[in-house]
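> Right, I'll just put the structure down here and ask away after.
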Amino acid sequence: MVNNTLRKKLFRDMSRAAMQFLSIIALCALGTFAFSALDGTARMTRTTLNTYYEENNLADYWISLPTADRAALDKVAAVSGVTRVRARTTVDMDTTLSDDITVSVTAYDGAMDINIPLLREGELLDENDKRGCLVEERFAVAQNLSLGSRIGVKLSGQEYDFVVRGIVVSPEYIVVSNGLVANPDAYGYLLVNACAIPTLPLTQIVANINDEANSEAVQAAIEEAVPDALVVDRRSHASTARANNEAQMFENMTLIFPVLAYAVAALIVMTTLSRMIDNQRMQMGTLKALGFSSRQIRNHYLSYALVPSAIGAVLGTIIGHFTLPTLLWDTLLSQDEMPYKLTPPISKPAWVMTALCVMMSLGILLYSYQKSAKECTAALLRPKPPKDGKRILFERIPFLWSRFSFNTKMVVRNLMRNKLRTFMSLVGLLCCTMLIITSFGLQDSVTAMSINYYTRTLNYDVRASLKGTVGTAESYERRLDAENIECIMEKSVSLRADAGTRTVSLTVLEDDQTMQHLGKNETFVKIQPGTAAVTYKLTKTLKLSIGDTIRLYLPGDDEPLSLVIGQIVQNNVSQGVYLDQTTWESFRKSDFIPTALQLKNPSAGCLTLLADMDEVDKIEYPAEQVNDMKRMLDTLSSVFSLLTGIALALAFVVCYNMGLMNFVERTREYATLKVLGYHQKEIRRLILRENNIITLIGVLMGILPGIMLIDAILHSCEPESGYYPGAPALSSIILACVITFCFSQLIQRLLVRKVRKIDMVEALKSVE
């Protein structure tokens with residue numbers, strides 16, 4: 001009988017305060033939804049990658065050297081920790097399909113037992129098959145290739161014709177691209193046996209290590225055993241590094257924005273539950289007077305927190321785990337070549353966050369209940385006496401206070417005397433503004449980074465990549481008609497320092513170059529002669545500073561270049577080392593052989609001549625690469641769109657909840673004003689004026705934390721090869737502030753309509 005009575009009271013209270021209970025459900029759901037969605041995406045990506053890599057035996061190292069002969073294989077195989085090695089070579093070749101279609105041909109010397117291709121159709125190659133090939137799945141679809149189709153490749157003027165034996169995907173080609181984004185219409189890969197192209201020298205060894213081996217120690221041992229080799233691990237291999245960065249991005253994101261959103265939700269839930277218990281004082285006293293035990297009353301009020309928080313937290317966790325990861329995965333698949341998707345169960349951290357949400361709500365309510373439960377029954381049956389009035393700060397400044405109107409004095413007194421209510425409203429509005437600025441600013445920063453890099457860091461209009469036999473820089477400057485022409489030489493090198501080893505790009509620039517702006521904010525800085533210029537992110541990764549010495553190992557050369565770091569330069573997209581031409585030539589390793597031309601304002605005839613040159617491999621236009629860069633960062637954009645949705649939803653719920661609670665608390669005051677003769681419109685104006693002051697201050701206070709949070713999230717998302725500075729647009733900051741202000745205005749205008757419905761007798765009556 002007792003339980004039924006309390007149960008009926010619970011349902012009746014929930015019905016009467018439905019919006020407050022619904023807001024608790026929504027806040028708890030949003031907090032756990034954000035965490036569960038990103039955590040589920042991170043685990044889905046990581047589980048799929050790890051399973052794919054393990055089942056298909058992804059290589060741990062790619063070792064490039066002049067000749068991958070038996071002696072080199074034996075040296076690598078003898079390194080402690082290495083379990084398997086295989087010689088092969090990888091070369092980009094033109095095809096007979098079209099002059100514009102290129103393929104990466106990987107030729108294995110023996111079984112394909114490392115980086116085992118996953119068969120989609122057909123059969124894998126026999127080791128002695130000289131005519132067959134395996135074709136990448138997307139490339140096959142784009143080129144209308146099927147089992148039995150023929151495809152030819154060109155090498156040094158000779159054509160090699162192959163028959164498609166199988167259509168595959170490979171664990172080392174999660175991203176298949178010779179540029180920024182995948183383009184199966186123009187680029188793919190073939191897997192063949194080395195015996196099929198006997199003139200192609202073997203120049204690469206792929207190796208596996210055992211699970212117990214220390215990766216860095218093994219790499220150091222390989223570099224010592226084969227000093228002229230360039231060793232690339234999974235962390236530096238272009239495709240696997242990018243796939244790992246995506247998984248790492250979601251893992252890092254799970255620890256920042258969702259936790260912050262959860263904290264904001266927890267703060268507002270705490271305020272809501274505390275006020276709900278304060279408003280139940282007289283009913284609590286009535287229950288005591290009727291003979292209900294303290295345990296029964298306590299358990300009854302704990303249900304106020306348990307029911308809505310459990311419903312919201314569990315719903316948010318389940319919906320977040322089973323919806324958003326799948327949607328984000330589809331975005332990943334637009335660029336990545338993942339053969340399948342594995343959905344792990346909801347993780348322990350997600351359930352822990354769910355349990356914490358419920359426990360937090362119960363703890364908050366229990367604390368608030370205990371404060372009221374200490375009072376005697378007679379005290380609880382009386383309305384809570386107001387705090388003693390005190391002069392506020394402005395009243396102590398007569399010159400200022402005397403100039404305030406009566407209504408202004410009333411608004412200021414209310415704000416200053418109800419410090420906790422004012423503070424919580426400010427915090428709620430601050431957090432809303434901060435989260436919305438962050439979500440908008442993240443997208444702005446990604447867009448700005450793409451535009452700034454290709455239009456300001458790279459201060460040229462056309463880049464022509466060179467291959468094979470090329471001319472001197474002076475010859476190109478004489479032959480080509482452009483406003484300015486500069487040559488650069490790029491090489492992959494092994495940078496070794498005390499803090500570790502990284503495979504990076506070495507870029508040699510002409511002494512008087514002006515087209516690469518590597519200073520802060522894309523300003524031009526001259527490369528200092530005789531020293532190395534190292535990118536900022538690389539110095540942070542390897543804990544380097546100006547004056548430190550680095551060693552650069554060139555492929556096929558066991559004598560390193562020892563250089564002192566003379567300056568730190570900025571490159572947000574790629575990390576590496578820059579030298580000027582004079583410094584490079586002083587080491588007498590080789591001549592300055594251009595690998596690319598940079599042209600400013602070339603003529604039409606110049607572009608035609610470039611296209612006809614045999615040594616020109618590819619022509620790129622930075623203005624067009626901006627869009628490719630944005631497509632490559634689509635994954636980030638998708639996550640930021642998710643964060644924007646969560647931030648907007650959280651902002652609306654927070655504003656509504658705080659506005660509703662403030663109105664309920666002040667019903668007695670509004671009724672008093674009506675008795676004193678205030679008209680409905682006058683009371684509404686007072687409410688809106690007070691709300692505008694709090695909103696304006698809260699919105700302004702949220703701007704700086706929002707900008708700071710953008711940097712924190714971007715730096716957690718960036719890979720080793722990139723540096724993502726925050727760059728929110730002024731328009732986004734203004735829009736975020738306007739949205740928060742409009743949310744607050746809309747909700748207050750909905751709530752002020754309730755002034756007309758206030759029952760003055762009910763609001764003003766007292767037990768005494």
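Note on naming: chains are A, B, ... as they come in the structure tokens, residues start from 1 per chain, ligands start from 1 in the order shown.
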Hey, what does DSSP flag as helix (DSSP H, G or I) within segment 508-653 of chain A? Can you give it to me as a PyMOL selection string?

chain A and resi 520-522+536-541+581-586+604-612+622-632+634-653

> Could you list, as number ranges by chain, every residue within 9 Å of segment 504-507 of chain A, counting only C-alpha atoms and ignoring same-chain residues fewer than 2 positions away?

A: 236, 488-495, 502, 509, 552, 574-580, 721

> Using the selection just defined, write its residues with N, CA, C and O atoms as a PDB file, in the first residue's frame.


ATOM      1  N   SER A 236      55.068   5.068 -40.650  1.00  0.00           N
ATOM      2  CA  SER A 236      55.475   5.991 -41.717  1.00  0.00           C
ATOM      3  C   SER A 236      54.969   5.586 -43.090  1.00  0.00           C
ATOM      4  O   SER A 236      54.987   6.400 -44.013  1.00  0.00           O
ATOM      5  N   ILE A 488      62.901  22.152 -57.716  1.00  0.00           N
ATOM      6  CA  ILE A 488      63.149  21.584 -56.398  1.00  0.00           C
ATOM      7  C   ILE A 488      63.558  20.125 -56.567  1.00  0.00           C
ATOM      8  O   ILE A 488      63.243  19.490 -57.583  1.00  0.00           O
ATOM      9  N   MET A 489      64.265  19.611 -55.585  1.00  0.00           N
ATOM     10  CA  MET A 489      64.646  18.204 -55.577  1.00  0.00           C
ATOM     11  C   MET A 489      64.132  17.594 -54.275  1.00  0.00           C
ATOM     12  O   MET A 489      64.436  18.095 -53.184  1.00  0.00           O
ATOM     13  N   GLU A 490      63.345  16.528 -54.395  1.00  0.00           N
ATOM     14  CA  GLU A 490      62.760  15.875 -53.224  1.00  0.00           C
ATOM     15  C   GLU A 490      63.237  14.432 -53.142  1.00  0.00           C
ATOM     16  O   GLU A 490      63.280  13.718 -54.155  1.00  0.00           O
ATOM     17  N   LYS A 491      63.574  14.000 -51.939  1.00  0.00           N
ATOM     18  CA  LYS A 491      64.001  12.633 -51.691  1.00  0.00           C
ATOM     19  C   LYS A 491      63.408  12.160 -50.370  1.00  0.00           C
ATOM     20  O   LYS A 491      63.248  12.953 -49.443  1.00  0.00           O
ATOM     21  N   SER A 492      63.100  10.870 -50.296  1.00  0.00           N
ATOM     22  CA  SER A 492      62.737  10.267 -49.015  1.00  0.00           C
ATOM     23  C   SER A 492      64.018   9.871 -48.305  1.00  0.00           C
ATOM     24  O   SER A 492      64.880   9.201 -48.887  1.00  0.00           O
ATOM     25  N   VAL A 493      64.166  10.306 -47.063  1.00  0.00           N
ATOM     26  CA  VAL A 493      65.384  10.025 -46.304  1.00  0.00           C
ATOM     27  C   VAL A 493      65.004   9.517 -44.918  1.00  0.00           C
ATOM     28  O   VAL A 493      63.869   9.694 -44.452  1.00  0.00           O
ATOM     29  N   SER A 494      65.951   8.907 -44.274  1.00  0.00           N
ATOM     30  CA  SER A 494      65.780   8.466 -42.891  1.00  0.00           C
ATOM     31  C   SER A 494      66.442   9.489 -41.985  1.00  0.00           C
ATOM     32  O   SER A 494      67.655   9.685 -42.040  1.00  0.00           O
ATOM     33  N   LEU A 495      65.638  10.182 -41.173  1.00  0.00           N
ATOM     34  CA  LEU A 495      66.154  11.164 -40.229  1.00  0.00           C
ATOM     35  C   LEU A 495      66.334  10.475 -38.883  1.00  0.00           C
ATOM     36  O   LEU A 495      65.376   9.922 -38.329  1.00  0.00           O
ATOM     37  N   ARG A 502      62.690   8.701 -38.099  1.00  0.00           N
ATOM     38  CA  ARG A 502      61.501   8.908 -38.916  1.00  0.00           C
ATOM     39  C   ARG A 502      61.912   8.946 -40.388  1.00  0.00           C
ATOM     40  O   ARG A 502      62.981   9.461 -40.735  1.00  0.00           O
ATOM     41  N   LEU A 509      65.887  23.269 -52.158  1.00  0.00           N
ATOM     42  CA  LEU A 509      65.364  24.415 -52.884  1.00  0.00           C
ATOM     43  C   LEU A 509      66.507  25.206 -53.503  1.00  0.00           C
ATOM     44  O   LEU A 509      67.635  25.216 -52.984  1.00  0.00           O
ATOM     45  N   LEU A 552      70.929  12.499 -41.662  1.00  0.00           N
ATOM     46  CA  LEU A 552      70.038  12.127 -42.759  1.00  0.00           C
ATOM     47  C   LEU A 552      70.712  11.026 -43.569  1.00  0.00           C
ATOM     48  O   LEU A 552      71.826  11.213 -44.087  1.00  0.00           O
ATOM     49  N   SER A 574      52.781  18.515 -44.614  1.00  0.00           N
ATOM     50  CA  SER A 574      53.819  17.480 -44.648  1.00  0.00           C
ATOM     51  C   SER A 574      54.999  17.930 -43.804  1.00  0.00           C
ATOM     52  O   SER A 574      55.270  19.133 -43.682  1.00  0.00           O
ATOM     53  N   GLN A 575      55.700  16.959 -43.235  1.00  0.00           N
ATOM     54  CA  GLN A 575      56.818  17.263 -42.355  1.00  0.00           C
ATOM     55  C   GLN A 575      58.121  16.773 -42.986  1.00  0.00           C
ATOM     56  O   GLN A 575      58.148  15.730 -43.646  1.00  0.00           O
ATOM     57  N   GLY A 576      59.173  17.513 -42.788  1.00  0.00           N
ATOM     58  CA  GLY A 576      60.444  17.105 -43.375  1.00  0.00           C
ATOM     59  C   GLY A 576      61.533  18.114 -43.115  1.00  0.00           C
ATOM     60  O   GLY A 576      61.457  18.949 -42.204  1.00  0.00           O
ATOM     61  N   VAL A 577      62.576  18.027 -43.952  1.00  0.00           N
ATOM     62  CA  VAL A 577      63.769  18.859 -43.815  1.00  0.00           C
ATOM     63  C   VAL A 577      63.980  19.616 -45.121  1.00  0.00           C
ATOM     64  O   VAL A 577      63.800  19.055 -46.212  1.00  0.00           O
ATOM     65  N   TYR A 578      64.388  20.883 -45.008  1.00  0.00           N
ATOM     66  CA  TYR A 578      64.655  21.727 -46.178  1.00  0.00           C
ATOM     67  C   TYR A 578      66.122  22.155 -46.167  1.00  0.00           C
ATOM     68  O   TYR A 578      66.668  22.518 -45.117  1.00  0.00           O
ATOM     69  N   LEU A 579      66.738  22.107 -47.350  1.00  0.00           N
ATOM     70  CA  LEU A 579      68.097  22.608 -47.546  1.00  0.00           C
ATOM     71  C   LEU A 579      68.105  23.527 -48.755  1.00  0.00           C
ATOM     72  O   LEU A 579      67.269  23.390 -49.654  1.00  0.00           O
ATOM     73  N   ASP A 580      69.069  24.446 -48.784  1.00  0.00           N
ATOM     74  CA  ASP A 580      69.241  25.200 -50.021  1.00  0.00           C
ATOM     75  C   ASP A 580      70.223  24.447 -50.927  1.00  0.00           C
ATOM     76  O   ASP A 580      70.916  23.514 -50.499  1.00  0.00           O
ATOM     77  N   SER A 721      52.349  13.540 -39.564  1.00  0.00           N
ATOM     78  CA  SER A 721      52.742  14.257 -40.786  1.00  0.00           C
ATOM     79  C   SER A 721      52.045  15.599 -40.937  1.00  0.00           C
ATOM     80  O   SER A 721      52.301  16.316 -41.899  1.00  0.00           O
TER      81      SER A 721
END

> Each residue of segment 538-632 of chain A lying at most 8 Å from segment 453-462 of chain A should get a row with its shortest atom-to-atom pair and the distance in Å to one decimal, counting only C-alpha atoms; could you produce that, ordered by chain and increasing number, as JSON lines?


{"residue": "A:Asn571", "atom": "CA", "partner": "A:Thr457", "partner_atom": "CA", "distance": 7.7}
{"residue": "A:Asn572", "atom": "CA", "partner": "A:Tyr453", "partner_atom": "CA", "distance": 7.3}
{"residue": "A:Val573", "atom": "CA", "partner": "A:Tyr453", "partner_atom": "CA", "distance": 7.4}
{"residue": "A:Gln598", "atom": "CA", "partner": "A:Val462", "partner_atom": "CA", "distance": 5.9}
{"residue": "A:Leu599", "atom": "CA", "partner": "A:Val462", "partner_atom": "CA", "distance": 5.2}
{"residue": "A:Lys600", "atom": "CA", "partner": "A:Tyr460", "partner_atom": "CA", "distance": 4.8}
{"residue": "A:Asn601", "atom": "CA", "partner": "A:Asp461", "partner_atom": "CA", "distance": 6.1}
{"residue": "A:Pro602", "atom": "CA", "partner": "A:Val462", "partner_atom": "CA", "distance": 7.7}
{"residue": "A:Ile619", "atom": "CA", "partner": "A:Val462", "partner_atom": "CA", "distance": 7.0}
{"residue": "A:Glu620", "atom": "CA", "partner": "A:Val462", "partner_atom": "CA", "distance": 5.8}
{"residue": "A:Tyr621", "atom": "CA", "partner": "A:Val462", "partner_atom": "CA", "distance": 4.9}
{"residue": "A:Pro622", "atom": "CA", "partner": "A:Tyr454", "partner_atom": "CA", "distance": 5.2}
{"residue": "A:Ala623", "atom": "CA", "partner": "A:Tyr454", "partner_atom": "CA", "distance": 6.6}
{"residue": "A:Gln625", "atom": "CA", "partner": "A:Tyr454", "partner_atom": "CA", "distance": 7.1}
{"residue": "A:Val626", "atom": "CA", "partner": "A:Tyr454", "partner_atom": "CA", "distance": 6.2}

> So that I can check the surroundings of Gly530 of chain A, please list as a ChimeraX atom specification every protein, DNA and RNA residue that reaches within 9 Å of it, counting only C-alpha atoms and ignoring chain neighbours fewer than 2 positions away.

/A:528,532,563-564,566,579-580,582-584,586

> Could you list, as an MDAnalysis selection string, every residue within 12 Å of Ser425 of chain A, counting only C-alpha atoms and ignoring same-chain residues fewer than 6 positions away?

chainID A and resid 264 267:268 271:272 415 418:419 431:432 651 654:662 690:699 744

> Kindly indicate which residue among A:Phe440, A:Tyr173, A:Phe652, A:Tyr678 lies nearest to Asn407 of chain A, using only C-alpha atoms for the distances.

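Using only C-alpha atoms, Asn407 of chain A sits closest to A:Tyr678.
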
> Just to confirm, what's the straight-line distance from atom CA of Thr472 of chain A to atom CA of Asp511 of chain A in Å (one decimal)?

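Straight-line distance from atom CA of Thr472 of chain A to atom CA of Asp511 of chain A works out to 14.7 Å.
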
> Would you please work out which residue, of A:Arg242, A:Arg382, A:Arg16, A:Arg165, is nearest to Gln283 of chain A when using only C-alpha atoms?

A:Arg382

> Between A:Val446, A:Leu155, A:Met338, A:Leu362, which has the minimum distance to Tyr52 of chain A (counting only C-alpha atoms)?

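Selected residue with least distance to Tyr52 of chain A: A:Met338.
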
> Between A:Thr408, A:Thr608, A:Ser64, A:Ser439, which one has atoms that come closest to Arg88 of chain A, using only C-alpha atoms?

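For Arg88 of chain A, the nearest of the given residues is A:Ser64.
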
> Find the distance between atom CA of Ala241 of chain A and atom CA of Gly40 of chain A and write it in Å to one decimal.

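Atom CA of Ala241 of chain A sits 20.6 Å away from atom CA of Gly40 of chain A.
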
> Rounded to one decimal, what separation in Å do you get between atom CA of Leu393 of chain A and atom CA of Leu426 of chain A?

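That distance, rounded to one decimal, is 19.0 Å.
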
> Check the smallest atom-to-atom distance from each of A:Arg150, A:Lys520, A:Arg396, A:Lys130 to Ala196 of chain A using only C-alpha atoms, then report the winner.

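Closest candidate: A:Lys130.
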
> Can you tell me, as JSON, numbers by chain, what residues are no more than 9 Å from Ala305 of chain A when counting only C-alpha atoms, ignoring any on the same chain fewer than 2 positions away?

{"A": [21, 24, 273, 301, 302, 303, 307, 308, 309, 310, 358, 361, 362, 363, 364, 365]}

> Can those selected residues be exported to a file as a compact mmCIF listing (two decimals), in the first residue's frame so that it contains all heavy atoms?


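As a result, selection30.txt now contains:
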# COMPACT_ATOMS: atom_id res chain seq x y z
N PHE A 21 11.79 16.59 -16.25
CA PHE A 21 12.24 15.20 -16.32
C PHE A 21 12.72 14.86 -17.74
O PHE A 21 13.71 14.16 -17.92
CB PHE A 21 11.12 14.25 -15.89
CG PHE A 21 10.98 14.12 -14.41
CD1 PHE A 21 10.04 14.85 -13.72
CD2 PHE A 21 11.81 13.26 -13.70
CE1 PHE A 21 9.92 14.74 -12.34
CE2 PHE A 21 11.70 13.13 -12.33
CZ PHE A 21 10.75 13.88 -11.64
N ILE A 24 16.19 16.16 -18.25
CA ILE A 24 17.21 15.31 -17.62
C ILE A 24 17.49 14.11 -18.52
O ILE A 24 18.66 13.74 -18.74
CB ILE A 24 16.75 14.85 -16.23
CG1 ILE A 24 16.64 16.05 -15.28
CG2 ILE A 24 17.73 13.82 -15.66
CD1 ILE A 24 16.07 15.70 -13.92
N LEU A 273 18.26 18.75 -10.59
CA LEU A 273 17.85 17.86 -9.50
C LEU A 273 17.88 18.58 -8.16
O LEU A 273 16.99 18.37 -7.31
CB LEU A 273 18.77 16.64 -9.47
CG LEU A 273 18.60 15.65 -10.63
CD1 LEU A 273 19.65 14.55 -10.56
CD2 LEU A 273 17.21 15.03 -10.62
N TYR A 301 12.61 9.64 -3.41
CA TYR A 301 13.22 10.77 -4.11
C TYR A 301 14.42 10.36 -4.95
O TYR A 301 14.75 11.02 -5.94
CB TYR A 301 13.58 11.87 -3.11
CG TYR A 301 12.37 12.66 -2.70
CD1 TYR A 301 11.83 12.54 -1.42
CD2 TYR A 301 11.74 13.50 -3.61
CE1 TYR A 301 10.69 13.24 -1.05
CE2 TYR A 301 10.60 14.21 -3.25
CZ TYR A 301 10.08 14.08 -1.98
OH TYR A 301 8.94 14.76 -1.63
N LEU A 302 15.08 9.27 -4.57
CA LEU A 302 16.15 8.77 -5.43
C LEU A 302 15.60 8.32 -6.79
O LEU A 302 16.31 8.36 -7.80
CB LEU A 302 16.87 7.60 -4.76
CG LEU A 302 17.82 7.96 -3.62
CD1 LEU A 302 18.40 6.71 -2.98
CD2 LEU A 302 18.95 8.86 -4.11
N SER A 303 14.33 7.94 -6.82
CA SER A 303 13.70 7.56 -8.09
C SER A 303 13.62 8.75 -9.04
O SER A 303 13.59 8.57 -10.26
CB SER A 303 12.30 6.99 -7.84
OG SER A 303 12.34 5.85 -7.01
N VAL A 307 15.26 7.10 -12.46
CA VAL A 307 14.42 6.80 -13.63
C VAL A 307 14.86 7.60 -14.86
O VAL A 307 15.20 7.03 -15.90
CB VAL A 307 12.93 7.02 -13.31
CG1 VAL A 307 12.09 6.85 -14.58
CG2 VAL A 307 12.47 6.04 -12.24
N PRO A 308 14.88 8.95 -14.80
CA PRO A 308 15.23 9.69 -16.02
C PRO A 308 16.70 9.51 -16.43
O PRO A 308 17.00 9.43 -17.62
CB PRO A 308 14.94 11.15 -15.66
CG PRO A 308 15.01 11.21 -14.18
CD PRO A 308 14.54 9.87 -13.69
N SER A 309 17.61 9.46 -15.46
CA SER A 309 19.02 9.33 -15.83
C SER A 309 19.31 7.97 -16.44
O SER A 309 20.09 7.87 -17.41
CB SER A 309 19.91 9.57 -14.61
OG SER A 309 19.70 8.58 -13.63
N ALA A 310 18.71 6.92 -15.89
CA ALA A 310 18.94 5.57 -16.45
C ALA A 310 18.36 5.47 -17.85
O ALA A 310 19.01 4.94 -18.77
CB ALA A 310 18.32 4.52 -15.54
N VAL A 358 24.35 7.74 -14.25
CA VAL A 358 23.30 7.39 -13.28
C VAL A 358 23.78 7.64 -11.86
O VAL A 358 23.07 8.22 -11.03
CB VAL A 358 22.87 5.92 -13.47
CG1 VAL A 358 21.83 5.54 -12.43
CG2 VAL A 358 22.34 5.68 -14.87
N SER A 361 23.85 11.30 -10.99
CA SER A 361 22.51 11.82 -10.71
C SER A 361 22.03 11.40 -9.33
O SER A 361 21.47 12.20 -8.58
CB SER A 361 21.53 11.33 -11.79
OG SER A 361 21.94 11.73 -13.07
N LEU A 362 22.27 10.13 -8.99
CA LEU A 362 21.86 9.64 -7.67
C LEU A 362 22.63 10.36 -6.56
O LEU A 362 22.07 10.72 -5.52
CB LEU A 362 22.09 8.13 -7.58
CG LEU A 362 21.16 7.26 -8.43
CD1 LEU A 362 21.61 5.80 -8.37
CD2 LEU A 362 19.72 7.39 -7.96
N GLY A 363 23.93 10.55 -6.78
CA GLY A 363 24.74 11.23 -5.77
C GLY A 363 24.31 12.66 -5.55
O GLY A 363 24.24 13.14 -4.41
N ILE A 364 24.01 13.37 -6.67
CA ILE A 364 23.56 14.76 -6.56
C ILE A 364 22.25 14.84 -5.79
O ILE A 364 22.08 15.66 -4.88
CB ILE A 364 23.39 15.36 -7.96
CG1 ILE A 364 24.76 15.51 -8.64
CG2 ILE A 364 22.69 16.71 -7.90
CD1 ILE A 364 24.67 15.81 -10.12
N LEU A 365 21.32 13.97 -6.15
CA LEU A 365 20.02 14.01 -5.49
C LEU A 365 20.13 13.62 -4.02
O LEU A 365 19.49 14.22 -3.16
CB LEU A 365 19.03 13.09 -6.21
CG LEU A 365 17.58 13.33 -5.77
CD1 LEU A 365 16.65 13.35 -6.96
CD2 LEU A 365 17.12 12.30 -4.78

> I'd like to know which residues of segment 91-307 of chain A are strand (DSSP E or B) (by DSSP, run on the backbone); could you write them as a PDB file with C-alpha atoms, in the first residue's frame?


ATOM      1  CA  VAL A  91      57.138   0.646 -59.685  1.00  0.00           C
ATOM      2  CA  ASP A  92      54.537   2.970 -61.204  1.00  0.00           C
ATOM      3  CA  MET A  93      53.977   2.123 -64.880  1.00  0.00           C
ATOM      4  CA  ASP A  94      51.857   3.432 -67.712  1.00  0.00           C
ATOM      5  CA  THR A  95      49.226   1.078 -69.099  1.00  0.00           C
ATOM      6  CA  THR A 102      48.843   4.518 -64.346  1.00  0.00           C
ATOM      7  CA  VAL A 103      49.225   1.490 -62.117  1.00  0.00           C
ATOM      8  CA  SER A 104      51.557   0.619 -59.281  1.00  0.00           C
ATOM      9  CA  VAL A 105      53.023  -2.777 -60.171  1.00  0.00           C
ATOM     10  CA  THR A 106      54.327  -4.843 -57.253  1.00  0.00           C
ATOM     11  CA  ALA A 107      56.369  -7.887 -58.286  1.00  0.00           C
ATOM     12  CA  TYR A 108      57.023 -10.586 -55.651  1.00  0.00           C
ATOM     13  CA  LEU A 118      42.395 -10.720 -49.941  1.00  0.00           C
ATOM     14  CA  LEU A 119      40.692 -12.404 -52.868  1.00  0.00           C
ATOM     15  CA  ARG A 120      37.337 -10.996 -53.980  1.00  0.00           C
ATOM     16  CA  GLU A 121      37.003 -12.904 -57.252  1.00  0.00           C
ATOM     17  CA  GLY A 122      39.035 -15.525 -59.117  1.00  0.00           C
ATOM     18  CA  GLY A 132      48.744 -13.663 -64.640  1.00  0.00           C
ATOM     19  CA  CYS A 133      48.130 -10.649 -62.407  1.00  0.00           C
ATOM     20  CA  LEU A 134      45.919  -9.611 -59.520  1.00  0.00           C
ATOM     21  CA  VAL A 135      44.029  -6.334 -59.922  1.00  0.00           C
ATOM     22  CA  GLU A 136      42.747  -3.936 -57.281  1.00  0.00           C
ATOM     23  CA  ARG A 150      43.945  -8.402 -70.452  1.00  0.00           C
ATOM     24  CA  ILE A 151      45.929  -5.415 -69.262  1.00  0.00           C
ATOM     25  CA  GLY A 152      49.330  -4.258 -70.494  1.00  0.00           C
ATOM     26  CA  VAL A 153      51.986  -2.191 -68.745  1.00  0.00           C
ATOM     27  CA  LYS A 154      54.939  -0.302 -70.207  1.00  0.00           C
ATOM     28  CA  LEU A 155      58.487  -0.383 -68.856  1.00  0.00           C
ATOM     29  CA  GLN A 158      58.680  -2.564 -73.638  1.00  0.00           C
ATOM     30  CA  GLU A 159      55.134  -3.795 -73.081  1.00  0.00           C
ATOM     31  CA  TYR A 160      54.172  -6.643 -70.774  1.00  0.00           C
ATOM     32  CA  ASP A 161      50.749  -8.179 -71.236  1.00  0.00           C
ATOM     33  CA  PHE A 162      48.929  -9.807 -68.310  1.00  0.00           C
ATOM     34  CA  VAL A 163      45.709 -11.773 -67.830  1.00  0.00           C
ATOM     35  CA  VAL A 164      43.554 -10.928 -64.820  1.00  0.00           C
ATOM     36  CA  ARG A 165      43.539 -14.033 -62.598  1.00  0.00           C
ATOM     37  CA  GLY A 166      41.971 -12.444 -59.567  1.00  0.00           C
ATOM     38  CA  ILE A 167      40.412  -9.261 -58.219  1.00  0.00           C
ATOM     39  CA  VAL A 168      41.748  -8.364 -54.785  1.00  0.00           C
ATOM     40  CA  VAL A 169      42.220  -5.849 -52.016  1.00  0.00           C
ATOM     41  CA  TYR A 187      45.292   4.947 -60.776  1.00  0.00           C
ATOM     42  CA  GLY A 188      45.301   1.456 -59.252  1.00  0.00           C
ATOM     43  CA  TYR A 189      47.652  -1.402 -58.528  1.00  0.00           C
ATOM     44  CA  LEU A 190      48.616  -4.790 -59.965  1.00  0.00           C
ATOM     45  CA  LEU A 191      50.294  -7.688 -58.168  1.00  0.00           C
ATOM     46  CA  VAL A 192      52.494  -9.975 -60.292  1.00  0.00           C
ATOM     47  CA  ASN A 193      55.352 -12.438 -59.935  1.00  0.00           C
ATOM     48  CA  GLN A 204      62.498  -3.737 -51.623  1.00  0.00           C
ATOM     49  CA  ILE A 205      62.280  -6.177 -48.729  1.00  0.00           C
ATOM     50  CA  VAL A 206      59.124  -6.560 -46.652  1.00  0.00           C
ATOM     51  CA  ALA A 207      59.562  -8.063 -43.199  1.00  0.00           C
ATOM     52  CA  ASN A 208      57.542  -9.272 -40.224  1.00  0.00           C
ATOM     53  CA  ILE A 209      58.598  -9.302 -36.590  1.00  0.00           C
ATOM     54  CA  LEU A 230      65.563   3.228 -46.187  1.00  0.00           C
ATOM     55  CA  VAL A 231      63.400   1.550 -43.528  1.00  0.00           C
ATOM     56  CA  VAL A 232      59.717   2.463 -43.325  1.00  0.00           C
ATOM     57  CA  ASP A 233      57.509   1.086 -40.558  1.00  0.00           C
TER      58      ASP A 233
END
